[in-house]
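For reference, final09.cif (mmCIF, C-alpha atoms):
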```
data_run
loop_
_atom_site.label_atom_id
_atom_site.label_comp_id
_atom_site.auth_asym_id
_atom_site.auth_seq_id
_atom_site.Cartn_x
_atom_site.Cartn_y
_atom_site.Cartn_z
CA MET A 129 -7.79 10.83 18.11
CA ASP A 130 -9.22 7.55 19.50
CA ARG A 131 -12.73 7.65 18.04
CA ILE A 132 -14.93 9.62 15.70
CA GLU A 133 -18.68 9.98 15.21
CA LEU A 134 -20.11 10.42 11.70
CA SER A 135 -23.66 10.80 10.42
CA LYS A 136 -25.45 10.36 7.11
CA ALA A 137 -24.43 12.86 4.43
CA LYS A 138 -26.88 14.76 2.23
CA SER A 139 -24.25 15.53 -0.40
CA PHE A 140 -20.57 15.04 -1.20
CA LYS A 141 -19.10 17.77 -3.38
CA GLY A 142 -15.83 19.52 -4.14
CA GLU A 143 -12.31 18.91 -5.34
CA PHE A 144 -9.03 18.06 -3.64
CA SER A 145 -5.64 16.46 -4.16
CA PRO A 146 -4.98 13.21 -2.31
CA PRO A 147 -1.87 12.74 -0.17
CA PRO A 148 1.30 11.59 -1.94
CA ASP A 149 1.58 7.90 -2.77
CA LYS A 150 2.73 5.83 0.20
CA SER A 151 4.30 2.97 -1.78
CA ILE A 152 6.28 5.35 -3.99
CA SER A 153 7.34 7.50 -1.03
CA HIS A 154 8.90 4.46 0.66
CA ARG A 155 10.81 3.54 -2.48
CA THR A 156 12.14 7.02 -3.13
CA VAL A 157 13.85 6.97 0.28
CA ILE A 158 15.24 3.45 -0.14
CA PHE A 159 16.57 3.90 -3.66
CA SER A 160 17.96 7.37 -2.93
CA SER A 161 19.77 6.11 0.17
CA LEU A 162 21.39 3.35 -1.88
CA SER A 163 22.47 5.78 -4.62
CA LYS A 164 25.65 7.78 -5.02
CA GLY A 165 25.16 11.52 -4.69
CA LYS A 166 22.22 13.72 -3.81
CA SER A 167 18.54 12.95 -4.43
CA ILE A 168 15.66 15.39 -4.01
CA ILE A 169 12.13 14.13 -3.35
CA LYS A 170 9.19 16.47 -3.86
CA ASN A 171 5.63 15.87 -2.63
CA PHE A 172 6.76 13.20 -0.15
CA LEU A 173 4.14 11.58 2.11
CA ARG A 174 4.88 12.69 5.66
CA ALA A 175 2.87 9.94 7.30
CA GLU A 176 3.89 7.38 9.91
CA ASP A 177 4.88 4.54 7.57
CA PRO A 178 7.19 6.44 5.17
CA LEU A 179 8.71 8.32 8.11
CA ARG A 180 9.65 4.93 9.57
CA THR A 181 11.63 4.25 6.40
CA ILE A 182 13.41 7.62 6.72
CA ASN A 183 14.29 6.90 10.36
CA ALA A 184 15.54 3.42 9.43
CA PHE A 185 18.02 4.78 6.89
CA ARG A 186 19.14 7.53 9.25
CA THR A 187 19.96 4.74 11.70
CA LEU A 188 21.98 3.12 8.90
CA GLY A 189 24.09 6.26 8.50
CA VAL A 190 22.30 8.11 5.69
CA ASN A 191 22.00 11.90 5.93
CA ILE A 192 18.34 12.75 5.23
CA LYS A 193 17.08 16.33 5.54
CA ASP A 194 13.45 17.45 5.44
CA THR A 195 13.19 21.12 4.48
CA GLY A 196 9.41 21.11 4.63
CA ASP A 197 9.16 21.49 0.86
CA GLU A 198 11.34 18.53 -0.12
CA ILE A 199 13.35 15.62 1.22
CA ILE A 200 17.08 15.82 0.47
CA ILE A 201 19.07 12.57 0.71
CA ASP A 202 22.86 12.26 0.49
CA GLY A 203 23.04 8.68 -0.73
CA LYS A 204 25.72 6.26 0.48
CA GLY A 205 25.72 3.84 -2.47
CA ILE A 206 24.80 0.18 -2.17
CA HIS A 207 27.90 -0.56 -0.05
CA GLY A 208 27.91 2.57 2.11
CA LEU A 209 25.46 1.74 4.89
CA ARG A 210 26.77 1.30 8.44
CA GLU A 211 25.79 -1.19 11.12
CA PRO A 212 22.96 0.26 13.26
CA ASP A 213 23.72 0.76 16.94
CA SER A 214 20.15 -0.11 17.95
CA ILE A 215 17.15 -2.13 16.84
CA ILE A 216 15.33 -0.65 13.83
CA ASP A 217 11.65 -0.08 14.67
CA CYS A 218 9.46 -0.33 11.54
CA GLY A 219 6.29 0.57 13.45
CA ASN A 220 3.29 -0.66 11.46
CA SER A 221 5.09 -0.61 8.11
CA GLY A 222 5.36 -3.96 6.36
CA THR A 223 6.91 -2.21 3.37
CA THR A 224 9.75 -0.86 5.52
CA MET A 225 10.44 -4.24 7.09
CA ARG A 226 10.26 -6.39 3.97
CA LEU A 227 12.15 -4.12 1.58
CA LEU A 228 14.78 -3.33 4.20
CA SER A 229 15.28 -7.08 4.73
CA GLY A 230 16.37 -7.34 1.10
CA VAL A 231 18.81 -4.44 1.48
CA LEU A 232 20.30 -5.61 4.78
CA SER A 233 20.80 -9.17 3.51
CA GLY A 234 23.62 -7.91 1.28
CA ASN A 235 25.35 -5.68 3.86
CA PRO A 236 28.13 -7.25 5.97
CA PHE A 237 26.85 -6.41 9.43
CA PHE A 238 24.21 -7.44 11.98
CA SER A 239 20.83 -5.76 12.30
CA VAL A 240 17.46 -6.40 13.94
CA LEU A 241 14.07 -5.27 12.62
CA THR A 242 10.97 -5.10 14.79
CA GLY A 243 7.57 -3.40 14.67
CA ASP A 244 4.37 -2.76 16.55
CA GLU A 245 1.99 -5.46 17.78
CA SER A 246 0.26 -5.71 14.41
CA LEU A 247 3.45 -5.96 12.34
CA ARG A 248 4.86 -8.60 14.69
CA GLN A 249 1.96 -10.85 13.64
CA ARG A 250 2.48 -10.50 9.88
CA PRO A 251 4.20 -13.33 7.96
CA MET A 252 7.85 -12.80 7.09
CA SER A 253 8.84 -16.31 5.98
CA ARG A 254 7.81 -15.35 2.45
CA VAL A 255 10.74 -12.90 2.45
CA ILE A 256 13.13 -14.98 4.54
CA ILE A 257 12.95 -18.08 2.31
CA PRO A 258 14.18 -16.47 -0.95
CA LEU A 259 16.74 -14.29 0.84
CA ARG A 260 18.22 -17.38 2.50
CA GLN A 261 18.42 -19.01 -0.92
CA MET A 262 20.52 -16.03 -1.97
CA GLY A 263 22.90 -16.69 0.94
CA ALA A 264 21.67 -14.34 3.64
CA GLU A 265 21.71 -15.36 7.29
CA ILE A 266 18.26 -14.50 8.68
CA MET A 267 16.24 -15.67 11.64
CA ALA A 268 12.88 -14.70 13.09
CA ARG A 269 10.43 -15.59 15.83
CA CYS A 270 8.19 -18.70 15.79
CA ASP A 271 10.28 -20.83 13.42
CA ASP A 272 11.22 -17.87 11.25
CA ARG A 273 7.64 -16.77 10.63
CA TYR A 274 7.17 -13.51 12.53
CA PRO A 275 9.18 -10.43 13.56
CA PRO A 276 11.48 -9.45 15.10
CA ILE A 277 13.92 -10.40 12.34
CA GLY A 278 17.68 -10.73 12.88
CA ILE A 279 19.88 -10.37 9.78
CA ARG A 280 23.60 -10.95 9.36
CA GLY A 281 24.32 -9.79 5.83
CA LYS A 282 26.46 -11.94 3.57
CA ARG A 283 27.82 -12.01 0.06
CA LEU A 284 24.75 -12.91 -1.98
CA ARG A 285 24.30 -15.07 -5.05
CA ALA A 286 21.81 -14.59 -7.86
CA ILE A 287 18.82 -16.92 -7.98
CA GLN A 288 15.72 -17.57 -10.02
CA TYR A 289 12.73 -17.45 -7.68
CA THR A 290 9.15 -18.32 -8.50
CA MET A 291 6.89 -16.52 -6.06
CA PRO A 292 4.04 -18.62 -4.60
CA VAL A 293 1.95 -15.50 -3.89
CA ALA A 294 1.82 -12.20 -5.79
CA SER A 295 3.38 -9.61 -3.49
CA ALA A 296 5.05 -6.36 -4.51
CA GLN A 297 6.83 -6.20 -1.16
CA VAL A 298 8.40 -9.65 -1.50
CA LYS A 299 9.27 -9.04 -5.16
CA SER A 300 10.91 -5.73 -4.26
CA ALA A 301 12.89 -7.29 -1.39
CA ILE A 302 14.36 -9.89 -3.75
CA LEU A 303 15.16 -7.30 -6.42
CA LEU A 304 16.90 -5.09 -3.86
CA ALA A 305 18.91 -8.07 -2.63
CA GLY A 306 19.71 -8.72 -6.29
CA LEU A 307 21.62 -5.41 -6.38
CA TYR A 308 24.18 -7.10 -4.09
CA ALA A 309 24.30 -10.48 -5.86
CA GLU A 310 26.75 -11.62 -8.50
CA GLY A 311 25.01 -12.19 -11.81
CA GLU A 312 21.33 -11.83 -12.69
CA THR A 313 18.53 -12.41 -10.19
CA GLU A 314 15.15 -13.35 -11.65
CA VAL A 315 11.73 -13.12 -9.99
CA ILE A 316 8.73 -14.87 -11.55
CA GLU A 317 5.31 -13.66 -10.39
CA PRO A 318 2.13 -15.77 -10.37
CA LEU A 319 0.10 -12.61 -11.09
CA LYS A 320 1.14 -9.06 -11.81
CA SER A 321 1.59 -7.03 -8.61
CA ARG A 322 2.26 -3.30 -8.33
CA ASP A 323 5.38 -2.43 -10.30
CA HIS A 324 6.73 0.79 -8.76
CA THR A 325 10.10 -0.84 -8.03
CA GLU A 326 10.60 -1.97 -11.63
CA ARG A 327 9.57 1.44 -12.92
CA MET A 328 11.79 3.45 -10.58
CA LEU A 329 15.03 1.50 -10.23
CA PRO A 330 16.11 1.91 -13.90
CA ALA A 331 15.85 5.70 -13.48
CA PHE A 332 18.50 5.38 -10.75
CA GLY A 333 20.72 3.34 -13.10
CA ALA A 334 19.78 -0.26 -12.30
CA GLU A 335 19.71 -2.81 -15.11
CA ILE A 336 16.26 -4.43 -15.14
CA LYS A 337 14.66 -6.60 -17.82
CA ILE A 338 10.92 -7.28 -17.82
CA LYS A 339 9.10 -9.83 -19.93
CA ASP A 340 5.54 -10.72 -18.95
CA LEU A 341 5.73 -11.96 -15.33
CA HIS A 342 9.54 -12.36 -15.37
CA ILE A 343 11.68 -9.59 -13.85
CA LYS A 344 15.49 -9.74 -13.91
CA ILE A 345 17.99 -7.44 -12.20
CA HIS A 346 21.75 -7.38 -12.70
CA GLY A 347 23.83 -7.16 -9.53
CA GLY A 348 26.80 -5.00 -8.68
CA ILE A 349 25.70 -1.82 -10.42
CA GLU A 350 25.89 1.42 -8.47
CA LEU A 351 22.81 3.67 -8.45
CA GLN A 352 22.91 7.41 -9.01
CA GLY A 353 20.83 10.03 -7.19
CA LEU A 354 18.15 12.02 -8.97
CA GLU A 355 15.15 14.31 -8.46
CA MET A 356 11.67 12.82 -8.11
CA TYR A 357 8.06 13.93 -7.68
CA VAL A 358 5.64 11.61 -5.87
CA PRO A 359 2.14 11.48 -7.43
CA GLY A 360 -1.10 11.40 -5.44
CA ASP A 361 -2.02 8.08 -3.83
CA PHE A 362 -4.79 6.19 -5.64
CA SER A 363 -5.44 4.01 -2.59
CA SER A 364 -6.22 7.15 -0.57
CA ALA A 365 -8.37 8.61 -3.35
CA ALA A 366 -10.35 5.36 -3.52
CA PHE A 367 -12.37 6.14 -0.37
CA PHE A 368 -13.63 9.41 -1.83
CA ILE A 369 -14.32 7.81 -5.22
CA VAL A 370 -16.66 5.30 -3.59
CA GLY A 371 -18.15 7.95 -1.33
CA ALA A 372 -19.09 10.03 -4.35
CA LEU A 373 -20.71 7.04 -6.06
CA LEU A 374 -22.84 6.06 -3.05
CA ILE A 375 -24.11 9.48 -1.96
CA ARG A 376 -26.74 10.55 -4.48
CA ASP A 377 -26.09 14.29 -4.66
CA SER A 378 -22.34 14.00 -5.23
CA GLU A 379 -19.75 15.37 -7.59
CA ILE A 380 -16.04 15.04 -6.76
CA LEU A 381 -12.88 15.93 -8.70
CA ILE A 382 -9.68 14.35 -7.37
CA LYS A 383 -6.59 15.94 -8.87
CA GLY A 384 -3.12 14.56 -9.56
CA VAL A 385 -3.83 10.90 -8.78
CA GLY A 386 -1.40 8.14 -9.75
CA ILE A 387 -3.14 5.77 -12.17
CA ASN A 388 -0.51 3.07 -12.50
CA PRO A 389 -2.45 0.13 -14.03
CA THR A 390 -1.10 -2.28 -11.42
CA ARG A 391 -2.83 -0.16 -8.75
CA THR A 392 -6.17 0.84 -10.27
CA GLY A 393 -8.13 -2.39 -10.46
CA LEU A 394 -10.83 -0.71 -8.39
CA LEU A 395 -11.53 1.76 -11.21
CA SER A 396 -12.26 -0.96 -13.77
CA VAL A 397 -14.35 -2.90 -11.24
CA LEU A 398 -16.44 0.16 -10.35
CA GLN A 399 -16.92 1.09 -14.00
CA GLU A 400 -18.07 -2.46 -14.71
CA MET A 401 -20.54 -2.02 -11.84
CA GLY A 402 -21.96 1.01 -13.68
CA ALA A 403 -20.16 3.87 -11.93
CA ASP A 404 -19.87 7.32 -13.50
CA ILE A 405 -16.09 7.82 -13.39
CA ARG A 406 -14.08 9.88 -15.88
CA ILE A 407 -10.32 10.22 -16.28
CA SER A 408 -8.77 13.41 -17.66
CA ASN A 409 -5.56 15.46 -17.84
CA ILE A 410 -3.31 12.39 -18.13
CA LYS A 411 0.42 13.09 -17.79
CA GLU A 412 3.57 11.52 -16.34
CA ALA A 413 5.49 12.19 -13.12
CA SER A 414 8.72 10.33 -12.32
CA GLY A 415 7.80 7.48 -14.64
CA GLU A 416 4.28 7.09 -13.25
CA PRO A 417 1.02 7.99 -15.07
CA VAL A 418 -0.98 10.69 -13.27
CA ALA A 419 -4.49 12.04 -13.96
CA ASP A 420 -7.54 13.78 -12.54
CA ILE A 421 -10.49 11.56 -11.58
CA TYR A 422 -14.08 12.86 -11.75
CA CYS A 423 -16.86 10.92 -9.98
CA LYS A 424 -20.59 11.59 -9.91
CA GLY A 425 -23.22 9.87 -7.80
CA GLY A 426 -26.74 8.88 -8.72
CA ARG A 427 -26.28 5.80 -10.86
CA GLU A 428 -27.38 2.44 -9.53
CA LEU A 429 -24.48 0.03 -9.19
CA LYS A 430 -24.81 -3.63 -10.12
CA SER A 431 -23.08 -6.62 -8.57
CA ILE A 432 -19.93 -8.17 -10.00
CA HIS A 433 -17.84 -11.34 -9.69
CA ILE A 434 -14.20 -10.66 -8.79
CA THR A 435 -11.65 -13.45 -9.27
CA LYS A 436 -8.11 -13.88 -7.92
CA GLU A 437 -6.59 -12.36 -11.06
CA LYS A 438 -8.01 -8.96 -10.09
CA ILE A 439 -7.00 -9.02 -6.42
CA PRO A 440 -3.36 -7.81 -6.70
CA SER A 441 -4.46 -4.61 -8.47
CA LEU A 442 -7.00 -3.74 -5.75
CA ILE A 443 -5.41 -5.30 -2.67
CA ASP A 444 -5.56 -2.08 -0.60
CA GLU A 445 -8.99 -1.11 -1.89
CA PHE A 446 -10.74 -4.30 -0.70
CA PRO A 447 -12.38 -2.74 2.39
CA ILE A 448 -13.89 0.19 0.47
CA LEU A 449 -14.93 -2.11 -2.39
CA CYS A 450 -16.93 -4.11 0.15
CA VAL A 451 -18.72 -0.91 1.20
CA ALA A 452 -19.62 -0.23 -2.45
CA ALA A 453 -20.88 -3.81 -2.84
CA THR A 454 -23.40 -3.34 0.01
CA GLN A 455 -25.22 -0.87 -2.25
CA ALA A 456 -25.00 -2.77 -5.56
CA ALA A 457 -27.99 -4.65 -6.96
CA GLY A 458 -27.49 -8.42 -6.66
CA ILE A 459 -24.74 -10.46 -4.99
CA THR A 460 -21.12 -9.39 -5.39
CA THR A 461 -18.65 -12.26 -5.04
CA ILE A 462 -14.97 -11.88 -4.25
CA ARG A 463 -12.62 -14.88 -4.42
CA GLY A 464 -8.88 -15.49 -4.33
CA ALA A 465 -8.34 -12.81 -1.69
CA GLU A 466 -6.85 -14.92 1.10
CA GLU A 467 -3.78 -12.63 1.14
CA LEU A 468 -6.03 -10.06 2.84
CA ARG A 469 -6.09 -12.15 5.99
CA VAL A 470 -2.47 -11.20 6.72
CA LYS A 471 -2.58 -7.42 6.24
CA GLU A 472 -2.69 -4.86 9.09
CA SER A 473 -5.72 -6.84 10.22
CA ASP A 474 -7.51 -9.90 8.85
CA ARG A 475 -9.38 -7.65 6.44
CA ILE A 476 -11.82 -10.32 5.27
CA LYS A 477 -12.93 -10.96 8.84
CA THR A 478 -12.80 -7.38 10.10
CA ILE A 479 -14.78 -5.76 7.29
CA THR A 480 -17.33 -8.59 7.47
CA THR A 481 -17.78 -8.18 11.22
CA GLU A 482 -18.11 -4.39 11.17
CA LEU A 483 -20.37 -4.05 8.11
CA ARG A 484 -22.65 -6.73 9.56
CA LYS A 485 -23.01 -4.52 12.65
CA MET A 486 -24.30 -1.84 10.27
CA GLY A 487 -26.85 -4.17 8.68
CA ALA A 488 -24.94 -5.55 5.68
CA GLU A 489 -25.64 -9.10 4.49
CA ILE A 490 -22.26 -10.80 4.01
CA GLU A 491 -21.23 -14.45 3.74
CA GLU A 492 -17.58 -15.05 4.61
CA PHE A 493 -15.28 -17.61 2.97
CA GLU A 494 -11.63 -18.43 3.54
CA ASP A 495 -10.62 -16.56 0.40
CA GLY A 496 -13.34 -13.94 0.08
CA LEU A 497 -16.95 -12.87 0.50
CA ASN A 498 -20.46 -12.87 -0.93
CA ILE A 499 -22.11 -9.49 -0.36
CA THR A 500 -25.84 -9.08 -0.99
CA GLY A 501 -26.41 -5.49 -2.03
CA ARG A 502 -29.09 -2.84 -1.82
CA ARG A 503 -29.17 -3.18 1.94
CA GLY A 504 -29.74 0.00 3.93
CA LEU A 505 -27.00 0.51 6.49
CA LYS A 506 -27.65 1.77 10.01
CA GLY A 507 -25.34 3.49 12.46
CA ALA A 508 -23.43 1.33 14.93
CA VAL A 509 -20.44 1.34 17.24
CA THR A 510 -17.64 -0.10 15.12
CA GLU A 511 -13.99 -1.06 15.52
CA SER A 512 -11.11 -0.30 13.17
CA TYR A 513 -8.77 -2.96 14.65
CA LYS A 514 -6.10 -0.24 14.36
CA ASP A 515 -6.18 -0.79 10.59
CA HIS A 516 -6.12 2.52 8.71
CA ARG A 517 -7.98 1.21 5.64
CA ILE A 518 -10.73 -0.38 7.74
CA ALA A 519 -11.15 2.91 9.63
CA MET A 520 -11.48 4.93 6.42
CA ALA A 521 -13.82 2.40 4.77
CA LEU A 522 -16.14 2.49 7.79
CA SER A 523 -16.09 6.30 7.65
CA ILE A 524 -17.53 6.20 4.12
CA ALA A 525 -20.08 3.57 5.18
CA ALA A 526 -21.14 5.93 7.98
CA LEU A 527 -22.00 8.63 5.42
CA ILE A 528 -24.72 6.42 3.89
CA ALA A 529 -26.02 4.92 7.14
CA ASP A 530 -29.08 5.98 9.09
CA ARG A 531 -28.23 7.39 12.52
CA THR A 532 -24.78 8.09 13.93
CA THR A 533 -21.84 5.70 13.52
CA THR A 534 -18.98 5.59 16.02
CA ILE A 535 -15.60 4.30 14.84
CA ASN A 536 -13.04 3.41 17.50
CA ASP A 537 -9.24 3.54 17.17
CA VAL A 538 -9.11 5.90 14.19
CA SER A 539 -5.65 7.27 15.03
CA SER A 540 -4.26 4.58 12.70
CA VAL A 541 -5.44 6.68 9.75
CA SER A 542 -2.27 8.77 10.19
CA ILE A 543 -0.29 5.77 8.89
CA SER A 544 -1.25 6.67 5.32
CA PHE A 545 -3.60 9.68 5.24
CA PRO A 546 -3.01 12.55 7.68
CA GLY A 547 -5.86 15.00 7.22
CA PHE A 548 -8.36 12.38 6.01
CA PHE A 549 -11.16 13.49 8.34
CA GLU A 550 -10.60 17.18 7.62
CA ILE A 551 -11.03 16.56 3.87
CA LEU A 552 -14.05 14.32 4.53
CA ARG A 553 -15.78 17.07 6.50
CA SER A 554 -14.94 19.73 3.91
CA LEU A 555 -16.72 17.74 1.18
CA THR A 556 -19.75 16.66 3.22
CA THR A 557 -23.02 18.42 3.98
#
```

Using the file provided, produce a representation of the structure as structure tokens.
Amino acid sequence: MDRIELSKAKSFKGEFSPPPDKSISHRTVIFSSLSKGKSIIKNFLRAEDPLRTINAFRTLGVNIKDTGDEIIIDGKGIHGLREPDSIIDCGNSGTTMRLLSGVLSGNPFFSVLTGDESLRQRPMSRVIIPLRQMGAEIMARCDDRYPPIGIRGKRLRAIQYTMPVASAQVKSAILLAGLYAEGETEVIEPLKSRDHTERMLPAFGAEIKIKDLHIKIHGGIELQGLEMYVPGDFSSAAFFIVGALLIRDSEILIKGVGINPTRTGLLSVLQEMGADIRISNIKEASGEPVADIYCKGGRELKSIHITKEKIPSLIDEFPILCVAATQAAGITTIRGAEELRVKESDRIKTITTELRKMGAEIEEFEDGLNITGRRGLKGAVTESYKDHRIAMALSIAALIADRTTTINDVSSVSISFPGFFEILRSLTT
């Protein structure tokens, strides 16, 4: 699907379960492949990005079977991977490329990682620098800044690394490399980023210590396979949460959503803005908190000031947060979000450009935006920049805009949310 046309919605009602969590799905494949014995993954996200991770580990010699109901992985252990006989294509998946870089740095063979046009423009020096400090031999294009990445794995040494930017992908790459290093590798974060790696690895048998923003992992310990269940993806649910809040006659129940506190900054921001959001049926799945989220429209939202401390917990929700801010009374300010300029697109620039086409009043800064709310949106021809989260955010904006909105290049939505438009139509009248 190259484009879609959407019109203003009268109501937004129903219930559904979001797709499985993309970040967790990636990690289940990586950790299971590096474990001894069999792992079984239930409720896996069969979308483009996680499937890239499966294909990568198949190329590295891991037997991975998809029965349709579950993913079964016969793990090779941390020293059981084989040299790939071809270049590993990560597609659009930064998670695949960055986390795999950490794994391959400790394996004694040569490998090359590449990706699509978008991924080849995303910064990789932030991973290369600490992995080189650990002893890996890595090179990349444009003075080691951009993919493709060539890696000749070496015997690694433990380091203490203070991260200049909060990034779960970089943190996870270092921790995975730490599995191959002698001694204890320590990562120090500037701000807390999503912690799925730290939550999951101990279940596989890794020795991890966490104190505030310090994470340590002990090298040389073999992992053991296990059975996992992937919770619903909060980042996917976020679009429908905001949709329900902005369309007056709305009432949505989203079931089985992961509510890991390092991922749900959007919930606290929206509640501070005055949203009617309720959490119920809290339980745990594979070490992750899961709940149902109820949202009801009709309340007027108010503007808010968002600082850099909040950004890591709502990094993927930035585009849809901007849509919500266009309808909030006052001026919403977002700062400290410069990391969003190096995602699948420059999300600060792209969401500014496209919402302005629809009538939004936005002032752009290097590290964020000022959004003046209570502006009626109007239909326009918009571009997704092949960024799945921009495409989905514009789809929600279209439901509150006068006249028809056209969104180009929406096929990218399959990266994280196959079936997004079918669910959107089922809830909309």

With only C-alpha atoms counted and 12 Å as the cut-off, give the residues of region 227-296 of chain A in contact with region 160-180 of chain A, each with its shortest interatomic distance in Å and the pair that gives it, as JSON lines.
```
{"residue": "A:Leu228", "atom": "CA", "partner": "A:Arg180", "partner_atom": "CA", "distance": 11.1}
{"residue": "A:Val231", "atom": "CA", "partner": "A:Leu162", "partner_atom": "CA", "distance": 8.9}
{"residue": "A:Leu232", "atom": "CA", "partner": "A:Leu162", "partner_atom": "CA", "distance": 11.2}
{"residue": "A:Gly234", "atom": "CA", "partner": "A:Leu162", "partner_atom": "CA", "distance": 11.9}
{"residue": "A:Asn235", "atom": "CA", "partner": "A:Leu162", "partner_atom": "CA", "distance": 11.4}
{"residue": "A:Leu241", "atom": "CA", "partner": "A:Arg180", "partner_atom": "CA", "distance": 11.5}
{"residue": "A:Thr242", "atom": "CA", "partner": "A:Arg180", "partner_atom": "CA", "distance": 11.4}
{"residue": "A:Gly243", "atom": "CA", "partner": "A:Arg180", "partner_atom": "CA", "distance": 10.0}
{"residue": "A:Asp244", "atom": "CA", "partner": "A:Asp177", "partner_atom": "CA", "distance": 11.6}
{"residue": "A:Leu247", "atom": "CA", "partner": "A:Asp177", "partner_atom": "CA", "distance": 11.6}
```

Excluding same-chain residues fewer than 2 positions from region 434-446 of chain A, what lies within 9 Å of it counting only C-alpha atoms, as a ChimeraX atom specification? /A:294-296,319-322,363-364,366-367,389-395,397,432,448-451,460-465,467-468,475-476,517,521

Which residues would end up in the selection if the PyMOL selection byres ((chain A and resi 422) around 12) were applied here, given that I need the answer as number ranges by chain? A: 141-145, 365-366, 368-370, 372-373, 378-385, 395, 403-409, 419-421, 423-425

Assuming the chain letters and numbering stay as they are in my file, what does the PyMOL selection byres ((chain A and resi 221) around 12) actually select? List them as a VMD selection string. chain A and resid 150 to 151 154 175 to 182 184 216 to 220 222 to 228 241 to 248 250 275 297 471 to 472 515 to 516 540 543 to 544

Selection near Gln261 (chain A), 9 Å with only C-alpha atoms, sequence-local residues under 5 positions removed, as an MDAnalysis selection string: chainID A and resid 256 284:287 289

Write the residues of the selection above to a file with C-alpha atoms, as a compact mmCIF listing (two decimals), in the coordinates of the input.
```txt
# COMPACT_ATOMS: atom_id res chain seq x y z
CA ILE A 256 13.13 -14.98 4.54
CA LEU A 284 24.75 -12.91 -1.98
CA ARG A 285 24.30 -15.07 -5.05
CA ALA A 286 21.81 -14.59 -7.86
CA ILE A 287 18.82 -16.92 -7.98
CA TYR A 289 12.73 -17.45 -7.68
```

Decode the PyMOL selection byres ((chain A and resi 132) around 10) for the given file into explicit residues and return them as a list of chain:residue names.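 Applied to this file, the PyMOL selection byres ((chain A and resi 132) around 10) returns A:Met129, A:Asp130, A:Arg131, A:Glu133, A:Leu134, A:Ala519, A:Ser523, A:Thr533, A:Thr534, A:Ile535, A:Asn536, A:Asp537, A:Val538, A:Ser539, A:Phe549.
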
Could you give me, as a list of chain:residue names, the residues within 9 Å of Ile152 (chain A), counting all atoms listed in the file and dropping anything in the same chain fewer than 2 positions from it? A:Pro148, A:Asp149, A:Lys150, A:His154, A:Arg155, A:Thr156, A:Val157, A:Phe172, A:Leu173, A:His324, A:Thr325, A:Met328, A:Val358, A:Pro359, A:Asp361

How far is it from CA of Val541 (chain A) to CA of Ser512 (chain A), in Å with one decimal?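 Separating CA of Val541 (chain A) from CA of Ser512 (chain A) is a distance of 9.6 Å.
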
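Separating CA of Pro276 (chain A) from CA of Ser253 (chain A) is a distance of 11.7 Å.
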
In Å, with one decimal, what is the gap from CA of Ile375 (chain A) to CA of Ser135 (chain A)? 12.5 Å

With distances taken over all atoms listed in the file, which residue among A:Ala529, A:Pro318, A:Gly504, A:Leu354 lies nearest Asp340 (chain A)? A:Pro318

I need the residue nearest Gly333 (chain A) from this list: A:Gly371, A:Phe548, A:Thr195, A:Phe159. Use all atoms listed in the file for the distance.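 Checking each of A:Gly371, A:Phe548, A:Thr195, A:Phe159 against Gly333 (chain A), counting all atoms listed in the file, the winner is A:Phe159.
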
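Among the candidates A:Ile518, A:Val470, A:Ala453, A:Ile410, the one nearest to Leu497 (chain A) when counting only C-alpha atoms is A:Ala453.
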
Mind checking which residues fall within 9 Å of Leu429 (chain A), counting all atoms listed in the file, ignoring those fewer than 2 positions away in the same chain, and posting them as a count of residues only? 14

Pick from A:Ala331, A:Val298, A:Leu304, A:Ile279, whichever lies nearest to Glu317 (chain A) using all atoms listed in the file: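 Ranking A:Ala331, A:Val298, A:Leu304, A:Ile279 by distance to Glu317 (chain A), first place goes to A:Val298.
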
Neighbours of Ser214 (chain A) within 9 Å (only C-alpha atoms; same-chain residues fewer than 3 positions away dropped), as a list in words?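 Once the adjacent positions are removed, what remains is Thr187, Glu211, Ser239 and Val240 of chain A.
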
Output file for the residues above (C-alpha atoms, as a PDB file, keeping the file's coordinate frame):
```pdb
ATOM      1  CA  THR A 187      19.960   4.740  11.700  1.00  0.00           C
ATOM      2  CA  GLU A 211      25.790  -1.190  11.120  1.00  0.00           C
ATOM      3  CA  SER A 239      20.830  -5.760  12.300  1.00  0.00           C
ATOM      4  CA  VAL A 240      17.460  -6.400  13.940  1.00  0.00           C
TER       5      VAL A 240
END
```
